[in-house]
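What follows is the content of query00.cif (mmCIF, C-alpha atoms).
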```
data_query
loop_
_atom_site.label_atom_id
_atom_site.label_comp_id
_atom_site.auth_asym_id
_atom_site.auth_seq_id
_atom_site.Cartn_x
_atom_site.Cartn_y
_atom_site.Cartn_z
CA MET U 1 0.00 0.00 0.00
CA ARG U 2 1.33 3.43 -0.97
CA PRO U 3 1.38 6.34 1.51
CA LEU U 4 -0.67 9.33 0.32
CA ARG U 5 0.80 12.72 1.22
CA VAL U 6 -1.72 15.04 2.91
CA GLU U 7 -1.69 18.80 2.26
CA PRO U 8 -3.38 21.70 4.04
CA LEU U 9 -6.61 22.67 2.27
CA SER U 10 -6.28 26.04 0.53
CA ARG U 11 -8.05 27.75 -2.37
CA ALA U 12 -4.93 27.77 -4.53
CA ALA U 13 -4.01 24.11 -3.98
CA PHE U 14 -7.60 22.89 -4.45
CA ALA U 15 -8.45 25.07 -7.51
CA PRO U 16 -7.91 22.27 -10.11
CA PHE U 17 -10.62 20.22 -8.35
CA GLY U 18 -13.19 22.79 -7.26
CA ASP U 19 -13.88 25.53 -4.74
CA VAL U 20 -12.90 25.84 -1.08
CA ILE U 21 -15.87 27.26 0.79
CA GLU U 22 -14.62 29.39 3.68
CA LEU U 23 -15.01 32.90 5.06
CA ALA U 24 -11.31 33.81 5.09
CA GLY U 25 -10.58 35.87 1.98
CA ALA U 26 -14.19 35.74 0.72
CA ARG U 27 -15.99 38.74 -0.75
CA HIS U 28 -18.45 40.02 1.85
CA TYR U 29 -20.61 43.01 2.67
CA PRO U 30 -23.23 44.06 5.23
CA ILE U 31 -26.94 43.42 4.57
CA ASN U 32 -30.23 43.74 6.49
CA GLY U 33 -29.47 47.20 7.82
CA GLY U 34 -26.01 46.14 8.96
CA SER U 35 -27.25 43.35 11.24
CA CYS U 36 -25.82 40.60 9.02
CA GLU U 37 -22.65 40.07 6.99
CA ARG U 38 -23.10 38.29 3.63
CA TYR U 39 -20.20 36.15 2.40
CA HIS U 40 -21.07 36.09 -1.27
CA ASP U 41 -20.79 33.55 -4.11
CA LEU U 42 -18.54 31.04 -2.34
CA ALA U 43 -18.86 28.17 -4.85
CA GLN U 44 -20.00 27.49 -8.40
CA VAL U 45 -22.98 25.15 -8.14
CA ASP U 46 -23.24 23.29 -11.47
CA VAL U 47 -26.26 20.95 -11.59
CA ALA U 48 -28.32 21.93 -14.65
CA GLU U 49 -26.86 19.34 -17.08
CA GLN U 50 -29.64 17.20 -18.63
CA GLY U 51 -32.34 19.06 -16.69
CA GLY U 52 -30.84 18.52 -13.26
CA ARG U 53 -31.94 20.45 -10.19
CA PRO U 54 -30.17 21.33 -6.94
CA LEU U 55 -30.64 19.06 -3.94
CA ILE U 56 -29.85 20.15 -0.39
CA ASN U 57 -29.08 17.22 1.87
CA VAL U 58 -27.53 16.40 5.23
CA PHE U 59 -24.89 13.65 5.23
CA ARG U 60 -23.90 12.19 8.60
CA GLY U 61 -20.36 10.86 8.27
CA GLN U 62 -19.10 8.24 10.69
CA ALA U 63 -15.58 8.80 12.02
CA ARG U 64 -12.95 6.80 10.17
CA ASP U 65 -10.22 4.97 12.03
CA LEU U 66 -6.60 5.60 11.07
CA PRO U 67 -4.89 4.44 9.01
CA ILE U 68 -7.40 5.09 6.24
CA THR U 69 -7.16 3.02 3.09
CA ILE U 70 -8.19 4.69 -0.17
CA SER U 71 -9.21 1.83 -2.44
CA MET U 72 -11.87 3.48 -4.63
CA MET U 73 -12.84 6.85 -6.10
CA GLU U 74 -16.08 8.24 -7.50
CA ARG U 75 -17.12 11.14 -9.73
CA HIS U 76 -20.33 12.89 -10.72
CA PRO U 77 -20.27 13.57 -14.49
CA LEU U 78 -23.48 15.64 -14.53
CA GLY U 79 -22.95 18.06 -11.66
CA SER U 80 -20.89 19.55 -8.88
CA GLN U 81 -21.12 18.38 -5.27
CA ALA U 82 -20.52 20.65 -2.26
CA PHE U 83 -19.83 19.61 1.35
CA LEU U 84 -20.16 22.12 4.21
CA PRO U 85 -19.51 20.92 7.76
CA LEU U 86 -22.17 21.87 10.31
CA GLY U 87 -19.55 22.31 13.02
CA LYS U 88 -15.83 22.73 13.45
CA THR U 89 -14.68 19.27 12.41
CA GLU U 90 -11.54 18.08 10.67
CA TYR U 91 -12.10 15.87 7.67
CA LEU U 92 -10.05 14.56 4.76
CA ILE U 93 -10.59 15.32 1.10
CA VAL U 94 -9.09 12.94 -1.48
CA VAL U 95 -9.35 14.02 -5.14
CA ALA U 96 -8.03 13.48 -8.66
CA PRO U 97 -8.57 15.52 -11.86
CA PRO U 98 -11.49 14.83 -14.22
CA GLY U 99 -11.07 12.50 -17.19
CA GLU U 100 -9.71 8.99 -16.97
CA LEU U 101 -8.68 8.32 -13.36
CA ASP U 102 -4.91 8.70 -13.02
CA PRO U 103 -3.84 7.11 -9.71
CA ALA U 104 -0.59 9.09 -9.84
CA ALA U 105 -2.60 12.36 -9.74
CA VAL U 106 -4.50 11.55 -6.52
CA ARG U 107 -4.09 14.24 -3.84
CA ALA U 108 -5.27 14.50 -0.24
CA PHE U 109 -6.15 17.61 1.78
CA LEU U 110 -6.97 18.20 5.45
CA SER U 111 -9.76 20.68 6.23
CA THR U 112 -9.17 22.91 9.25
CA GLY U 113 -12.75 22.41 10.35
CA TRP U 114 -14.87 25.27 9.02
CA GLN U 115 -13.79 24.81 5.41
CA GLY U 116 -16.18 23.27 2.93
CA VAL U 117 -15.43 22.04 -0.57
CA ASN U 118 -17.31 22.02 -3.86
CA TYR U 119 -16.12 19.33 -6.28
CA HIS U 120 -16.45 20.49 -9.86
CA ARG U 121 -18.32 18.27 -12.30
CA GLY U 122 -16.34 15.13 -13.17
CA VAL U 123 -13.67 15.51 -10.45
CA TRP U 124 -12.75 12.16 -8.90
CA HIS U 125 -13.09 12.07 -5.11
CA HIS U 126 -13.32 9.64 -2.25
CA PRO U 127 -16.60 9.53 -0.30
CA LEU U 128 -16.78 11.57 2.91
CA LEU U 129 -13.87 10.97 5.31
CA ALA U 130 -14.92 12.32 8.72
CA LEU U 131 -12.30 12.21 11.47
CA HIS U 132 -12.57 12.02 15.29
CA HIS U 133 -16.40 11.82 15.64
CA THR U 134 -19.66 11.51 13.75
CA SER U 135 -20.01 14.72 11.72
CA ASP U 136 -22.90 16.33 9.85
CA PHE U 137 -22.47 18.11 6.52
CA ILE U 138 -24.85 20.09 4.32
CA VAL U 139 -24.40 18.63 0.83
CA VAL U 140 -25.55 20.44 -2.30
CA ASP U 141 -25.60 18.21 -5.34
CA ARG U 142 -27.63 17.27 -8.42
CA GLY U 143 -31.00 15.58 -8.60
CA GLY U 144 -32.76 14.48 -11.77
CA GLN U 145 -32.55 11.99 -14.61
CA GLY U 146 -29.30 10.58 -15.95
CA HIS U 147 -26.40 8.55 -14.62
CA ASN U 148 -24.46 10.79 -12.22
CA CYS U 149 -22.11 8.54 -10.24
CA ASP U 150 -19.16 6.55 -11.56
CA GLU U 151 -17.06 4.44 -9.18
CA VAL U 152 -13.63 2.95 -9.84
CA ALA U 153 -11.60 0.55 -7.70
CA LEU U 154 -7.90 1.40 -7.41
CA ALA U 155 -5.52 -1.37 -8.46
CA GLU U 156 -3.06 -0.25 -5.76
CA PRO U 157 -4.66 1.42 -2.72
CA TRP U 158 -3.31 4.52 -1.00
CA GLN U 159 -2.99 4.87 2.77
CA ILE U 160 -3.22 7.86 5.11
CA ASP U 161 -1.92 7.52 8.66
CA LEU U 162 -1.80 9.61 11.83
CA SER U 163 1.78 10.86 11.27
CA MET U 164 0.70 12.47 7.98
CA LEU U 165 -2.13 14.35 9.69
CA GLN U 166 0.14 15.50 12.51
CA ALA U 167 2.62 16.95 9.98
CA VAL U 168 -0.16 18.91 8.23
CA ARG U 169 -1.53 20.23 11.55
CA ALA U 170 1.96 21.42 12.49
CA ALA U 171 2.33 23.22 9.13
CA GLN U 172 -1.09 24.85 9.53
CA THR U 173 -0.16 26.05 13.04
CA GLU U 174 3.07 27.61 11.73
CA GLN U 175 1.12 29.48 9.00
CA ASN U 176 -1.30 31.01 11.53
#
```

Go through the file and emit its structure as structure tokens.
Amino acid sequence: MRPLRVEPLSRAAFAPFGDVIELAGARHYPINGGSCERYHDLAQVDVAEQGGRPLINVFRGQARDLPITISMMERHPLGSQAFLPLGKTEYLIVVAPPGELDPAAVRAFLSTGWQGVNYHRGVWHHPLLALHHTSDFIVVDRGGQGHNCDEVALAEPWQIDLSMLQAVRAAQTEQN
């Protein structure tokens, strides 16, 4: 099993795969007579292909034990899929570019807790990887006709262990 390097989640690093949904650095302005701050246009929701419509869901992810084995990936060819944690919770994001799945292009990111992600249409990703405890996420994805989920088994699985997460946490602490 190959070790998969984990990176801190940032807009720049994640851009080839989608949007990072977070308040830091987001365009915002006051609304409602100044009683509310609007953080505007945080992700590009793309669900209209073949008459699709947006779905708003809650996913409850069970905590994964470490080490985590990445043995499959999935993609949604007809729409984007956004995950927004409903609390400060670390979770892992494992992705690869759209097109034919290239196992050498798989990347892993660690969310700091309040960061969400929006996978662009066709981006390969692993299903939800909650850490530490059961975690709830608002998920915005596509509903409607058409086949919108492809799954592929990896010939050689990747593995993520605790030492990798500790190194990313240390790097994130140094940046702040």

Residue IDs satisfying the PyMOL selection byres ((chain U and resi 8-20) around 7), as an MDAnalysis selection string: chainID U and resid 6:7 21:22 43 97 109:111 115:120 123 168 172

So, counting only C-alpha atoms, which residue among U:Asp41, U:Asp161, U:Asp150, U:Glu174 is closest to Arg2 in chain U?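 That would be U:Asp161, the residue with the smallest distance to Arg2 in chain U.
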
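CA of Leu92 in chain U is positioned 5.3 Å from CA of Leu129 in chain U.
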
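Minimum distance to Lys88 in chain U across U:Val47, U:Val152, U:Leu131, U:Ala24 (counting all atoms listed in the file) occurs at U:Leu131.
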
Take every atom of range 150-159 of chain U listed in the file, fit an axis-aligned box around them, add 3 Å per side, and give the centre and edge lengths in Å to one decimal as AutoDock Vina command-line options.
```
--center_x -11.1 --center_y 2.6 --center_z -4.4 --size_x 22.2 --size_y 13.9 --size_z 20.3
```

Which residue out of U:Glu49, U:His133, U:Arg27, U:Thr112 has the minimum interatomic distance to Ala170 in chain U when only C-alpha atoms are used? U:Thr112

Pick from U:Leu78, U:Ile70, U:Ala108, U:Ala171, whichever lies nearest to Ala48 in chain U using all atoms listed in the file: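 Checking each candidate against Ala48 in chain U, we get U:Leu78 as the closest.
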
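For the residues U:Glu90, U:Gly122, U:Cys36, U:Gly143, ranking by smallest atom-to-atom distance to Gly51 in chain U using only C-alpha atoms places U:Gly143 first.
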
If the PyMOL selection byres ((chain U and resi 104) around 12) were run on this exact file, what residues would it hold? Put them as number ranges by chain. U: 2-5, 95-97, 100-103, 105-108, 154-158

Selected residues written out with C-alpha atoms, as a PDB file, in the frame of the given file:
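Below is the file part.pdb, written as the result:
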```
ATOM      1  CA  ARG U   2       1.330   3.430  -0.970  1.00  0.00           C
ATOM      2  CA  PRO U   3       1.380   6.340   1.510  1.00  0.00           C
ATOM      3  CA  LEU U   4      -0.670   9.330   0.320  1.00  0.00           C
ATOM      4  CA  ARG U   5       0.800  12.720   1.220  1.00  0.00           C
ATOM      5  CA  VAL U  95      -9.350  14.020  -5.140  1.00  0.00           C
ATOM      6  CA  ALA U  96      -8.030  13.480  -8.660  1.00  0.00           C
ATOM      7  CA  PRO U  97      -8.570  15.520 -11.860  1.00  0.00           C
ATOM      8  CA  GLU U 100      -9.710   8.990 -16.970  1.00  0.00           C
ATOM      9  CA  LEU U 101      -8.680   8.320 -13.360  1.00  0.00           C
ATOM     10  CA  ASP U 102      -4.910   8.700 -13.020  1.00  0.00           C
ATOM     11  CA  PRO U 103      -3.840   7.110  -9.710  1.00  0.00           C
ATOM     12  CA  ALA U 105      -2.600  12.360  -9.740  1.00  0.00           C
ATOM     13  CA  VAL U 106      -4.500  11.550  -6.520  1.00  0.00           C
ATOM     14  CA  ARG U 107      -4.090  14.240  -3.840  1.00  0.00           C
ATOM     15  CA  ALA U 108      -5.270  14.500  -0.240  1.00  0.00           C
ATOM     16  CA  LEU U 154      -7.900   1.400  -7.410  1.00  0.00           C
ATOM     17  CA  ALA U 155      -5.520  -1.370  -8.460  1.00  0.00           C
ATOM     18  CA  GLU U 156      -3.060  -0.250  -5.760  1.00  0.00           C
ATOM     19  CA  PRO U 157      -4.660   1.420  -2.720  1.00  0.00           C
ATOM     20  CA  TRP U 158      -3.310   4.520  -1.000  1.00  0.00           C
TER      21      TRP U 158
END
```

Could range 32-59 of chain U be completed with N, CA and C atoms and returned as a PDB file, in the coordinates of the input?
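So the final result, stored in result.pdb, reads:
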```pdb
ATOM      1  N   ASN U  32     -29.183  43.666   5.461  1.00  0.00           N
ATOM      2  CA  ASN U  32     -30.230  43.740   6.490  1.00  0.00           C
ATOM      3  C   ASN U  32     -29.971  44.854   7.489  1.00  0.00           C
ATOM      4  N   GLY U  33     -29.697  46.050   6.956  1.00  0.00           N
ATOM      5  CA  GLY U  33     -29.470  47.200   7.820  1.00  0.00           C
ATOM      6  C   GLY U  33     -28.236  47.079   8.676  1.00  0.00           C
ATOM      7  N   GLY U  34     -27.256  46.287   8.227  1.00  0.00           N
ATOM      8  CA  GLY U  34     -26.010  46.140   8.960  1.00  0.00           C
ATOM      9  C   GLY U  34     -26.051  45.082  10.050  1.00  0.00           C
ATOM     10  N   SER U  35     -27.156  44.359  10.184  1.00  0.00           N
ATOM     11  CA  SER U  35     -27.250  43.350  11.240  1.00  0.00           C
ATOM     12  C   SER U  35     -26.712  41.985  10.815  1.00  0.00           C
ATOM     13  N   CYS U  36     -26.298  41.885   9.552  1.00  0.00           N
ATOM     14  CA  CYS U  36     -25.820  40.600   9.020  1.00  0.00           C
ATOM     15  C   CYS U  36     -24.709  40.871   8.014  1.00  0.00           C
ATOM     16  N   GLU U  37     -23.729  39.988   7.964  1.00  0.00           N
ATOM     17  CA  GLU U  37     -22.650  40.070   6.990  1.00  0.00           C
ATOM     18  C   GLU U  37     -22.856  38.943   5.975  1.00  0.00           C
ATOM     19  N   ARG U  38     -22.915  39.287   4.687  1.00  0.00           N
ATOM     20  CA  ARG U  38     -23.100  38.290   3.630  1.00  0.00           C
ATOM     21  C   ARG U  38     -21.753  37.953   3.015  1.00  0.00           C
ATOM     22  N   TYR U  39     -21.380  36.659   3.079  1.00  0.00           N
ATOM     23  CA  TYR U  39     -20.200  36.150   2.400  1.00  0.00           C
ATOM     24  C   TYR U  39     -20.728  35.575   1.095  1.00  0.00           C
ATOM     25  N   HIS U  40     -20.346  36.206  -0.007  1.00  0.00           N
ATOM     26  CA  HIS U  40     -21.070  36.090  -1.270  1.00  0.00           C
ATOM     27  C   HIS U  40     -20.394  35.170  -2.278  1.00  0.00           C
ATOM     28  N   ASP U  41     -21.195  34.339  -2.940  1.00  0.00           N
ATOM     29  CA  ASP U  41     -20.790  33.550  -4.110  1.00  0.00           C
ATOM     30  C   ASP U  41     -19.561  32.695  -3.811  1.00  0.00           C
ATOM     31  N   LEU U  42     -19.678  31.815  -2.830  1.00  0.00           N
ATOM     32  CA  LEU U  42     -18.540  31.040  -2.340  1.00  0.00           C
ATOM     33  C   LEU U  42     -18.202  29.815  -3.173  1.00  0.00           C
ATOM     34  N   ALA U  43     -19.119  29.359  -4.032  1.00  0.00           N
ATOM     35  CA  ALA U  43     -18.860  28.170  -4.850  1.00  0.00           C
ATOM     36  C   ALA U  43     -19.731  28.216  -6.094  1.00  0.00           C
ATOM     37  N   GLN U  44     -19.255  27.569  -7.146  1.00  0.00           N
ATOM     38  CA  GLN U  44     -20.000  27.490  -8.400  1.00  0.00           C
ATOM     39  C   GLN U  44     -20.805  26.204  -8.428  1.00  0.00           C
ATOM     40  N   VAL U  45     -22.094  26.309  -8.108  1.00  0.00           N
ATOM     41  CA  VAL U  45     -22.980  25.150  -8.140  1.00  0.00           C
ATOM     42  C   VAL U  45     -23.337  24.878  -9.601  1.00  0.00           C
ATOM     43  N   ASP U  46     -23.078  23.657 -10.067  1.00  0.00           N
ATOM     44  CA  ASP U  46     -23.240  23.290 -11.470  1.00  0.00           C
ATOM     45  C   ASP U  46     -24.065  22.002 -11.526  1.00  0.00           C
ATOM     46  N   VAL U  47     -25.401  22.137 -11.630  1.00  0.00           N
ATOM     47  CA  VAL U  47     -26.260  20.950 -11.590  1.00  0.00           C
ATOM     48  C   VAL U  47     -27.287  20.883 -12.717  1.00  0.00           C
ATOM     49  N   ALA U  48     -27.267  21.827 -13.649  1.00  0.00           N
ATOM     50  CA  ALA U  48     -28.320  21.930 -14.650  1.00  0.00           C
ATOM     51  C   ALA U  48     -28.197  20.953 -15.824  1.00  0.00           C
ATOM     52  N   GLU U  49     -27.063  20.279 -15.972  1.00  0.00           N
ATOM     53  CA  GLU U  49     -26.860  19.340 -17.080  1.00  0.00           C
ATOM     54  C   GLU U  49     -28.016  18.353 -17.160  1.00  0.00           C
ATOM     55  N   GLN U  50     -28.551  18.136 -18.350  1.00  0.00           N
ATOM     56  CA  GLN U  50     -29.640  17.200 -18.630  1.00  0.00           C
ATOM     57  C   GLN U  50     -30.851  17.436 -17.726  1.00  0.00           C
ATOM     58  N   GLY U  51     -31.153  18.711 -17.462  1.00  0.00           N
ATOM     59  CA  GLY U  51     -32.340  19.060 -16.690  1.00  0.00           C
ATOM     60  C   GLY U  51     -32.237  18.819 -15.195  1.00  0.00           C
ATOM     61  N   GLY U  52     -31.034  18.747 -14.687  1.00  0.00           N
ATOM     62  CA  GLY U  52     -30.840  18.520 -13.260  1.00  0.00           C
ATOM     63  C   GLY U  52     -31.340  19.685 -12.413  1.00  0.00           C
ATOM     64  N   ARG U  53     -31.507  19.426 -11.124  1.00  0.00           N
ATOM     65  CA  ARG U  53     -31.940  20.450 -10.190  1.00  0.00           C
ATOM     66  C   ARG U  53     -31.108  20.327  -8.916  1.00  0.00           C
ATOM     67  N   PRO U  54     -30.970  21.415  -8.169  1.00  0.00           N
ATOM     68  CA  PRO U  54     -30.170  21.330  -6.940  1.00  0.00           C
ATOM     69  C   PRO U  54     -30.906  20.564  -5.837  1.00  0.00           C
ATOM     70  N   LEU U  55     -30.162  19.755  -5.131  1.00  0.00           N
ATOM     71  CA  LEU U  55     -30.640  19.060  -3.940  1.00  0.00           C
ATOM     72  C   LEU U  55     -29.861  19.585  -2.742  1.00  0.00           C
ATOM     73  N   ILE U  56     -30.536  19.799  -1.639  1.00  0.00           N
ATOM     74  CA  ILE U  56     -29.850  20.150  -0.390  1.00  0.00           C
ATOM     75  C   ILE U  56     -30.109  19.007   0.573  1.00  0.00           C
ATOM     76  N   ASN U  57     -29.023  18.428   1.059  1.00  0.00           N
ATOM     77  CA  ASN U  57     -29.080  17.220   1.870  1.00  0.00           C
ATOM     78  C   ASN U  57     -28.247  17.402   3.134  1.00  0.00           C
ATOM     79  N   VAL U  58     -28.432  16.525   4.097  1.00  0.00           N
ATOM     80  CA  VAL U  58     -27.530  16.400   5.230  1.00  0.00           C
ATOM     81  C   VAL U  58     -26.934  15.001   5.158  1.00  0.00           C
ATOM     82  N   PHE U  59     -25.604  14.929   5.159  1.00  0.00           N
ATOM     83  CA  PHE U  59     -24.890  13.650   5.230  1.00  0.00           C
ATOM     84  C   PHE U  59     -24.318  13.552   6.640  1.00  0.00           C
TER      85      PHE U  59
END
```
